[in-house]
Structure formats: structure tokens, C-alpha cells
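What follows is a set of notes on a single structure, which appears directly below.
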Amino acid sequence: MTSLWNDIEPILWRVDKPARYIGGEVGSLEPQRHEGNINWLVAYPDTYEIGLPNTGLTILYEILNDRDDATCERTYAPWVDMEKEMRGAGIPLFSVDSFRPANSFDILAFNVAAELTYTNVLNMIDLSGIPLHAADRGGDDTFVFIGGHCTYNPEPMATFVDAAVLGDGEEVVGEITAVMATWRAEGVTDRHEMWCRLAQIPGVYVPGLYRPTFEGERQTGIEMLDPRAPAVVEKRTVYDLGQWPYPRRGLVPLTDVVHDRLNVEVFRGCTRGCRFCQAGMITRPVRERPRHQVVDMVRAGMERTGYDEVALTSLSTADYSGIEDVVTEIMDPAAGCGRVNVSLPSLRVDAFTVGTAAAIQQGRKSGLTFAPEGGTWRMRRVINKLISEEDLYAATDAAFAQGWQRVKLYFLIGLPTETDEDVLGIVELGRRVVEIGRKYRRSITVTVSVGGFVPKPQTPFQWFGQDSPDELQRKITLLRDASRDVKGLSVRWHDPSASAAEGVSSRGDRRMGAVLERVWRDGGTFQEWGEMFTLERWERALEAEGFSLASVSERDRRRDECVPWAHLSAGLHEDFLWGEWESALAEAGTEDCRWTPCYDCGACTTLSLEHHVASPTAPAGGSQGTGQGLDLRTPVSLGVKPVSA
Amino acid sequence: MIVLPPRLRVRYVRVGRVRFISQRDTARIFERAMRRLHAPVKYSEGFSPHPILSFSAALPTGGASEAEYLDVRFDSAEVTDERFAVGESSEMSLRAFAEALSAVLPVGMVVTGAVELDGSELSLQEAVACMRWEVDVRASEPPTIDVRIANLMASAEIVVERQRKGRPVVDNIRENIAVMESDATPEGARITVDLLTHPRGIRLRELLTALGSDIELLRATRTHQWIDQHGERYEPVAVGTFAVVTPPALSETDSALTRSPSREREQHEQRTD
Ligand code: SF4
């Protein structure tokens, strides 16, 4: 299939940020197709700026292109102006590597990391000219896959995809390639047969082989339509990250993107056990990258890319065994990493790590972010984020003492058992932190940022009905009124109606597919972007399909109800999740199993694994359960050059 | 070993799909390319040191160019790789540097010349007086492009509205247009235009709007930039030129950085007298 470049080129003059559509990044490839190859097009259903830095996609891009039997190219969601030009000129979705049309690939594989991007997936399938519904695709049509964190409840997307892949992708993409190559060699053209073969691969869920049953607003069960469909699909887990030192080439964009720096993943998984956190639940156990490999990857990465900053990424980077030694080694000129700035996103911050951060950082200190998540100690016991007031105050005191002048505090509202007292506790914490800061400087500022909680599948809060947008708005008003006369404290919040729409896909069943389709047909793409979002569009779509926010996202599930993801497993025992739910109601904490005995959540035991850590001792500063852990979400810069504010 | 001079003027092209990046993107790409190369680029002082690179007038996003320029400074204190040194350069070193730099630039960006500066030169933005564009356009309505150009060139004033310091102002862009011609092409026409950059530049879009609102821009390439001297124009670096400064007979006492542009211009003229 030929390149569409000559058709694309003239429209690029007319669109905003045309560099989104030209590829050509350092590290990119224009794979040659060979007879018999399985050709993958990996897609990120949001703008190029957000999708390009996605490490997961980059890893698959490289692993597949390293194989002899596959090629892999990339695509991203065209922004509204570009989509209009493309539709006007009859240009389908295309690869930014070779500009081949999407439907000339064997597989179109989306990384879905956020529910509000689902309508973009629909739009991109449609732009490709591939039939929107999996049931309408024939033997020759491109296969549509999804992978990523959202696949732990793929049911709202079930009618649009051929398969959803659960867990780590490194190994399974090769197995999928091999299965497809085999059926091609055998001349299989029957889609159902192909689906059955895919379903034999561990971690691959083929929704078309299952039929859920419903009664009113509830799902009552799930039937298998073919004996070859497994009763439960288990996620895939790469046990030894040391075997997968990817990305090896990386992608350095030619234009502006988010997180524009070298990213080196230092570990996967997190066992702090915050009960609201889906990422922490579905990625267990903890698997650390060997220390020498981290340093090697930084050295090689800096050399290859010309970046001046590296981020050591994970769900909680300060928990990496020997994090300080790694940072010290990277910054040591003898290590050969060059003039490098180290940033640690999602750094747990306590008095101890603040001290370390300050000791390494030279120059201006911009903002530090802490995430207590709950406004009172009671609330934090419910969510198992066991940070005491004293610890938070000590940490912020240390930050101000070290010269930081802006502190940001992250909270969730709409959590289970939350009272107005818990909500007002957020302002109280903020007020105290302002007081602490003012001991050092009058000009300090404290920002409290609140988001509406959306319960996620495969977590202890999966049964909990989320707050209505009105209730969230009421709590925001409470916060705003209470903080009005606290000088130096500002309160920011996420749009509560976006949380409501997110909830529709988060825990919705297969019938939400029709709702998503209506939202999309009604013009609802890029729903993560405030200017593109209205809740009315979602409410209209729900109503047309006989649902409401009350019946989907705000409804509590009963334990005996069949949740739409009951046949999909992240390795966690259902009774572990339920036990954690009961502990939440009892306001009882659960410790981090890296340094305390295993409580058999199922993650290791189901998969016959254990934690894979570079050092057996707990990091300084304490672990979850000791009441000393704090999390930092946004990067703190440790290095010769501060990141500008 | 590549010996780099303290100051170097580089000529490069930006063609093909990479032309859809912005000028800011172009600058960042050069910074990263220099780092990948381990070139001993001089860094600025201060809280957030950055490599000292200065470019000729911004190339619009989507515009191709065969004649882009960049001034770069090197510093022996920044040498981290034994392949490089800073000092008395040679044509061979400059050629080797151009080749190495091209190798770490994206496809479509290639270094085509480099000359050492002695530090007394005007900055590129000040020095470049005129540039030539070749623009492929299509008009959906009559009259033809050559008629429109004739009308435009015959008028004394072409007024455009611009924003300056947040206020709307009116400028006459007729003064910017030195020569404008066109040839018919199967698609429409190819316009060749020489635009003057002083006292104020002109955007390609403004020029095309003046030709008519139905004009569709297909391709645009900046083919030349010239420095004007006593009515004679020459390119800051000609294609394929790699040259070092012959050691000056007289030593310059004042620094180019502290010199005011007008004073610099005076000196420049004195020297070339
Ligand atoms: S199985 Fe045990 S050790 Fe593994 S994550 Fe669960 S509780 Fe921790």
C-alpha cells in the first residue's frame, strides 16, 4: 500500500501544529513490509503531544520492529481541525511513519489509559474506514485491539474491539503475531475461528466470544459463546524487567510534547495499597529494574537523544531500593551521563526525602507537591493512605525551611464514608500548611487541588457508587466558602461533570457501548479536553439508551452482583478486595507487603511470583503503615539545572 | 580531531516533511543535536544555562528553506569529548563538523556551509536585509496571478493591520516588496519575490492575502537570504563554503557583546571602506 503523503501535505498548511502529523522523530522507523509480516499500527487515542511520550507504546513499537515477522508503525488522534480536513479530502487515518492508511495494517492497537478517550477510539476506527463494530468485520478487515490500564473493564468498548489485552504487553505482542502469521499461512478467513485462536493466548480477551446477561440495570452473568473461550482471562505479567531494557532507541520528537525528556522506568507495580488507586492494584507485584541497568539506560539514552533531563518513572519512585545511590551515580560525571538533570515524578515526599531533594538540587526551587488525598486522619485510614498530620506538617515545614515557596496539596472528594467534616478537613490542613510556611516567608502560597473520586474496577472501591456531580459541586462550594478568608491558600478543582462521564465507562457494562457511540456521533471527541466536553451530551446519550448517571455511575453494586469485569483478572482475589472494602469501612489500615508479611492479595500467589526488588530493606522514611509515607506527584528537579516553574 | 573556532556561522537547509516544525522546534533540535554530538557549545550564565545559538529570521511553520543560518559559539571549557577542541580551526575541521552535525539532524535538515566569525559581525537578524521566496500558489478565481502582481507592484501603498505592543497599527508592506514575478505552472503559478526585512519584516501570509483572499498556498521555499552592503548583496555563507578567519593584524579591544548595533554598523563600514 502506498504512502498518502502527497494528499496529506497540502492540508498541513491549513491545520494547527502540523508537526503532529509528520513523524520523523529521532528513533523512528519506516519499516519495510515483507510478504508474511504481521503489520501493527499502534495508536494513542489523544493528541500527538500526549501520546508520543507514552513509554508503553514506544516499547511495543521497538519490540515489534525488532522481530523478523512483524512491523510496527504509529498513529495519534488527529485534532478536530485535521479531522475535518481529512474527511473533506477523503484521507483516512494514517501512520506517521510511512503515511500508509490504517486499514492497510493487520492490527490497529490502541493504548487506552483514560476512559474519556474512548470516543476518540471510535472516531479513529471510523476514520480508518474499518467497520465500527467488531461483529461487522470480515476475514480481511483490520483487527482492532486495546491494551493499557482501562482494559480491566473493557466492556463499554466490547462491541468495537476484536480483543483486549490485559497486563504487560512485551511478551504477548509476539504471541499474537505468531498466531496471526499461522492462520494466514493456513489461509484461515473465518473471523470467528480467528477470534477463538486469539482467545487461546493468555491475557487476550475476545469479547465477541462472550455474552453478558442483564436484568434491569444489573448484569446477572456472562455466557461463553464458544467452548474455546476461557472462563477467566488472567492478565500478563513480565516478571523480570531486566530482560526488557526498552526503550532502546526511544523517540525524540521534533516538536513540543508533554514530558519531553528521557524517561527510564525503574519499577512496575506498587504495594502501598491505597484503596482508591487502580494502578496500584492491577500492576502488582513490585518488579524493580536492576540498578546497573537503570544507570546504563540513562547513559545510553542521554547519548542517543541529546536530552538534558531524565525522569526515573514508576508509581512511587522514592520506593525504589537504593534510589539515592542511583541518582548520585547518574549525576556523577564519571558515570558518563553528561550534563543531566534528574527528575523524580511521583516521588513520595516526607521530611526525609525533602531533605535529600534539597541537598541535591541547586538553584531556584519551584513547587513541591504532596498528595495526602484525604482531609482527615479518619478519611486517610479509609483509603489506606496512612499519612499522619504530624508527618505532613513536618514534611511541609522541611520544604519551606529548604526554600521552597509554593506547595501544592492533592485531595480526592467523593470518597466512601466521606462526611462534610472530612471535606472541611482539607481546608484545615491547607490552613495549617500556610501557617507553617509563613514562619519562613510571608509570600509563600499553598494550592489545594481537589478531584472527584471515580471508583475503578479491580479495586476495593469497585462496588461503591460515586457522588453525583451536584453532590461534588456542593462539596466544592463548602471548600470554597471555608477557604475564602484563608490568605495564601487557593483551592482548585476538576470539573465534577467530567468525573461523572468518566464513571460511565469506568464501571459500565457492555450496554454503555451504545452510549459511547451516541456521544461520539453527537460530536463528542476529545472528552478529556474541557473545551470539547459537555455533560449534557452524555446525559442525552444515557437517556436515549434507557440509562442515567444514577443507574450507572452513582449506583452502589452489591457483592452478589456480577460486575462486568468478573471474568477478567488482575490476579487479585475477590475476597481480598472485599476484605479491603470492609477494612475501609472499619477505618483499618493495611501495610505494604514488601516489608511486612504477605497477606495473599493474589497477585503473586496466582501468578507464582514474588516481589522482585533490588534491595530487601525498606527505604528510609518508612513505608505505608508506619504512618510516614507521603507521595509527590509532580516532578521535583534534582540537578544542575532547575526546571523552570 | 575537529578543531572548532570560538564563533561559527552555519548554513543549513530545511526541506521535506521536517519543514512543518516551528522555529522554536528548529532551535531545540539544534540544541539536542549539539549535545548528541558532544560539540563544545558555549552555555549562557545564570539560573538556567542554555547553549548560545542564534538564528536568522524565523522560518514560518510549513516553509521550506535552502538558505537558513545559525551563529554558534564554542568554548574550550565545554570540551568533554576528545574528538573536539576549540581553537585555530581549519577548512577540513569545518567540513568534518558539518558532516557530523548533519548526521544527527532529522532527515531534511543538512548543513551546507560554515564560516568562522571574528566577533565583529552584526547578528544575523540585523545583517540580513533581503530574502527571496519561491511560492507555489493557486487562485480559485480570476484574474490570473501575473495580473494581480502587476496591480500590486503598481500601487504605492499596500496596507496591513498588525498588532504592536497590544495595539492595532497600520503598516505599508509595499516597501517590503523589492521584486515580484510569476510563472504559470500546471497547478497555478510560481511566484518569485524578493522581500526587504528592514525596518520591519513582512510575513508571507500578509503578502499572499494582499494578492487575494482566494489564494491557496501550496508550497513555499526560502531560497536566499542576503546581507546588503553598499548596494551589493551577498550571502552570509555561500553553499559549499567552509572558511576560517585569517588572524587579524590588529587586535579588537572592545567586545562585540557590549557594542551597540549602530556603533557596530559604523565600525563595519569603516572596515570595509
Ligand atoms: S500476593 Fe502477597 S506479596 Fe504479593 S502483592 Fe499480594 S500481598 Fe503482596
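FYI, nothing fancy with the C-alpha cells labels: chains A, B, ... in order, residues from 1 per chain, ligands from 1 as they appear.
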**Item:** Contact residues (chain A, partner chain B, 6 Å, only C-alpha atoms) as a VMD selection string
**Value:** chain A and resid 18 to 19 255 303 306 641
Keeping all heavy atoms for every residue in the selection just given, could you write it to a file as a compact mmCIF listing (two decimals), in the first residue's frame?
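What landed in selection-v1.txt:
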```txt
# COMPACT_ATOMS: atom_id res chain seq x y z
N PRO A 18 1.05 21.44 12.60
CA PRO A 18 1.16 20.35 11.63
C PRO A 18 2.23 19.32 11.97
O PRO A 18 2.17 18.18 11.50
CB PRO A 18 1.50 21.08 10.32
CG PRO A 18 2.05 22.41 10.74
CD PRO A 18 1.35 22.75 12.01
N ALA A 19 3.19 19.71 12.83
CA ALA A 19 4.26 18.76 13.18
C ALA A 19 3.71 17.54 13.91
O ALA A 19 4.40 16.52 14.04
CB ALA A 19 5.34 19.44 14.01
N THR A 255 8.88 18.22 17.79
CA THR A 255 8.07 19.36 18.23
C THR A 255 7.70 19.19 19.69
O THR A 255 8.04 18.19 20.31
CB THR A 255 6.85 19.49 17.30
OG1 THR A 255 6.17 20.71 17.58
CG2 THR A 255 5.87 18.33 17.49
N GLU A 303 23.00 9.86 25.58
CA GLU A 303 23.91 9.86 24.45
C GLU A 303 23.13 9.89 23.12
O GLU A 303 23.45 10.62 22.20
CB GLU A 303 24.73 8.56 24.54
CG GLU A 303 25.78 8.39 23.49
CD GLU A 303 26.96 9.31 23.72
OE1 GLU A 303 27.31 9.54 24.90
OE2 GLU A 303 27.52 9.81 22.72
N GLY A 306 20.19 13.35 23.16
CA GLY A 306 20.54 14.75 23.32
C GLY A 306 19.67 15.46 24.34
O GLY A 306 19.73 16.67 24.49
N LYS A 641 20.42 21.94 36.80
CA LYS A 641 19.55 22.99 36.28
C LYS A 641 18.14 22.77 36.79
O LYS A 641 17.59 21.70 36.61
CB LYS A 641 19.51 22.93 34.75
CG LYS A 641 20.77 23.41 34.12
CD LYS A 641 20.64 23.63 32.63
CE LYS A 641 19.62 22.78 31.94
NZ LYS A 641 19.60 22.97 30.50
```
**Request:** Go through stretch 89-254 of chain B and collect every residue that DSSP, computed from the backbone, puts in helix (DSSP H, G or I); the answer should be as a VMD selection string.
**Result:** chain B and resid 91 to 103 124 to 127 145 to 154 173 to 176 204 to 211
**Request:** Please give me, as a PyMOL selection string, the residues lying within 12 Å of ligand 1 when counting only C-alpha atoms and all ligand atoms.
**Result:** chain A and resi 268-273+280-287+570-573+576-577+580+590-613
**Message:** Would you compute the distance between atom CA of B:Met131 and atom CA of B:Asp194? Give it in Å to one decimal.
**Reply:** 5.6 Å
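Residues lying within 12 Å of B:Gly212, counting only C-alpha atoms and ignoring same-chain neighbours fewer than 2 positions away, are B:Val137, B:Arg138, B:Ala139, B:Ser140, B:Glu141, B:Pro142, B:Pro143, B:Thr144, B:Ile145, B:Val147, B:Arg148, B:Ile149, B:Asn151, B:Leu152, B:Arg205, B:Glu206, B:Leu207, B:Leu208, B:Thr209, B:Ala210, B:Asp214, B:Ile215, B:Glu216, B:Leu217.
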Produce a file of the selected residues containing N, CA and C atoms, as an mmCIF file, in the first residue's frame.
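Saved file again34.cif follows:
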```
data_model
loop_
_atom_site.group_PDB
_atom_site.id
_atom_site.type_symbol
_atom_site.label_atom_id
_atom_site.label_comp_id
_atom_site.auth_asym_id
_atom_site.auth_seq_id
_atom_site.Cartn_x
_atom_site.Cartn_y
_atom_site.Cartn_z
ATOM 1 N N VAL B 137 1.367 28.819 -5.715
ATOM 2 C CA VAL B 137 0.008 29.158 -5.287
ATOM 3 C C VAL B 137 -1.007 28.764 -6.349
ATOM 4 N N ARG B 138 -2.251 28.792 -5.909
ATOM 5 C CA ARG B 138 -3.345 28.543 -6.832
ATOM 6 C C ARG B 138 -4.424 29.562 -6.494
ATOM 7 N N ALA B 139 -5.021 30.168 -7.501
ATOM 8 C CA ALA B 139 -6.115 31.103 -7.264
ATOM 9 C C ALA B 139 -7.377 30.465 -7.797
ATOM 10 N N SER B 140 -8.452 30.560 -7.028
ATOM 11 C CA SER B 140 -9.673 29.888 -7.471
ATOM 12 C C SER B 140 -10.491 30.768 -8.412
ATOM 13 N N GLU B 141 -10.178 32.077 -8.450
ATOM 14 C CA GLU B 141 -10.951 32.984 -9.301
ATOM 15 C C GLU B 141 -10.004 33.825 -10.162
ATOM 16 N N PRO B 142 -10.532 34.421 -11.237
ATOM 17 C CA PRO B 142 -9.715 35.395 -11.964
ATOM 18 C C PRO B 142 -9.549 36.655 -11.127
ATOM 19 N N PRO B 143 -8.653 37.554 -11.443
ATOM 20 C CA PRO B 143 -7.688 37.478 -12.544
ATOM 21 C C PRO B 143 -6.510 36.552 -12.207
ATOM 22 N N THR B 144 -5.666 36.355 -13.211
ATOM 23 C CA THR B 144 -4.524 35.477 -13.030
ATOM 24 C C THR B 144 -3.499 36.123 -12.104
ATOM 25 N N ILE B 145 -2.599 35.310 -11.649
ATOM 26 C CA ILE B 145 -1.629 35.762 -10.655
ATOM 27 C C ILE B 145 -0.774 36.909 -11.209
ATOM 28 N N VAL B 147 -1.444 39.162 -13.348
ATOM 29 C CA VAL B 147 -2.197 40.428 -13.357
ATOM 30 C C VAL B 147 -2.242 41.006 -11.946
ATOM 31 N N ARG B 148 -2.503 40.148 -10.991
ATOM 32 C CA ARG B 148 -2.579 40.622 -9.607
ATOM 33 C C ARG B 148 -1.242 41.220 -9.163
ATOM 34 N N ILE B 149 -0.159 40.549 -9.566
ATOM 35 C CA ILE B 149 1.160 41.046 -9.169
ATOM 36 C C ILE B 149 1.415 42.417 -9.784
ATOM 37 N N ASN B 151 -0.760 44.642 -10.603
ATOM 38 C CA ASN B 151 -1.552 45.630 -9.871
ATOM 39 C C ASN B 151 -0.897 46.001 -8.547
ATOM 40 N N LEU B 152 -0.436 44.975 -7.882
ATOM 41 C CA LEU B 152 0.170 45.186 -6.560
ATOM 42 C C LEU B 152 1.413 46.063 -6.677
ATOM 43 N N ARG B 205 2.278 35.278 4.693
ATOM 44 C CA ARG B 205 0.812 35.273 4.699
ATOM 45 C C ARG B 205 0.246 36.648 4.329
ATOM 46 N N GLU B 206 0.902 37.689 4.854
ATOM 47 C CA GLU B 206 0.426 39.041 4.577
ATOM 48 C C GLU B 206 0.527 39.344 3.093
ATOM 49 N N LEU B 207 1.621 38.889 2.519
ATOM 50 C CA LEU B 207 1.825 39.121 1.102
ATOM 51 C C LEU B 207 0.760 38.402 0.282
ATOM 52 N N LEU B 208 0.482 37.147 0.651
ATOM 53 C CA LEU B 208 -0.481 36.368 -0.117
ATOM 54 C C LEU B 208 -1.890 36.921 0.044
ATOM 55 N N THR B 209 -2.204 37.382 1.251
ATOM 56 C CA THR B 209 -3.524 37.986 1.472
ATOM 57 C C THR B 209 -3.685 39.214 0.588
ATOM 58 N N ALA B 210 -2.583 39.960 0.438
ATOM 59 C CA ALA B 210 -2.649 41.148 -0.416
ATOM 60 C C ALA B 210 -2.923 40.770 -1.879
ATOM 61 N N ASP B 214 -8.624 34.473 -2.173
ATOM 62 C CA ASP B 214 -8.850 33.139 -2.741
ATOM 63 C C ASP B 214 -7.552 32.396 -3.046
ATOM 64 N N ILE B 215 -6.435 32.998 -2.664
ATOM 65 C CA ILE B 215 -5.145 32.383 -2.969
ATOM 66 C C ILE B 215 -4.893 31.203 -2.042
ATOM 67 N N GLU B 216 -4.600 30.052 -2.636
ATOM 68 C CA GLU B 216 -4.248 28.896 -1.823
ATOM 69 C C GLU B 216 -2.736 28.677 -1.909
ATOM 70 N N LEU B 217 -2.118 28.606 -0.748
ATOM 71 C CA LEU B 217 -0.676 28.410 -0.672
ATOM 72 C C LEU B 217 -0.373 26.922 -0.782
#
```
**Request:** Determine, counting only C-alpha atoms, which protein, DNA and RNA residues have an atom within 10 Å of an atom of B:Arg162; residues of the same chain fewer than 6 positions away are not included. Present the result as a count of residues only.
**Result:** 5
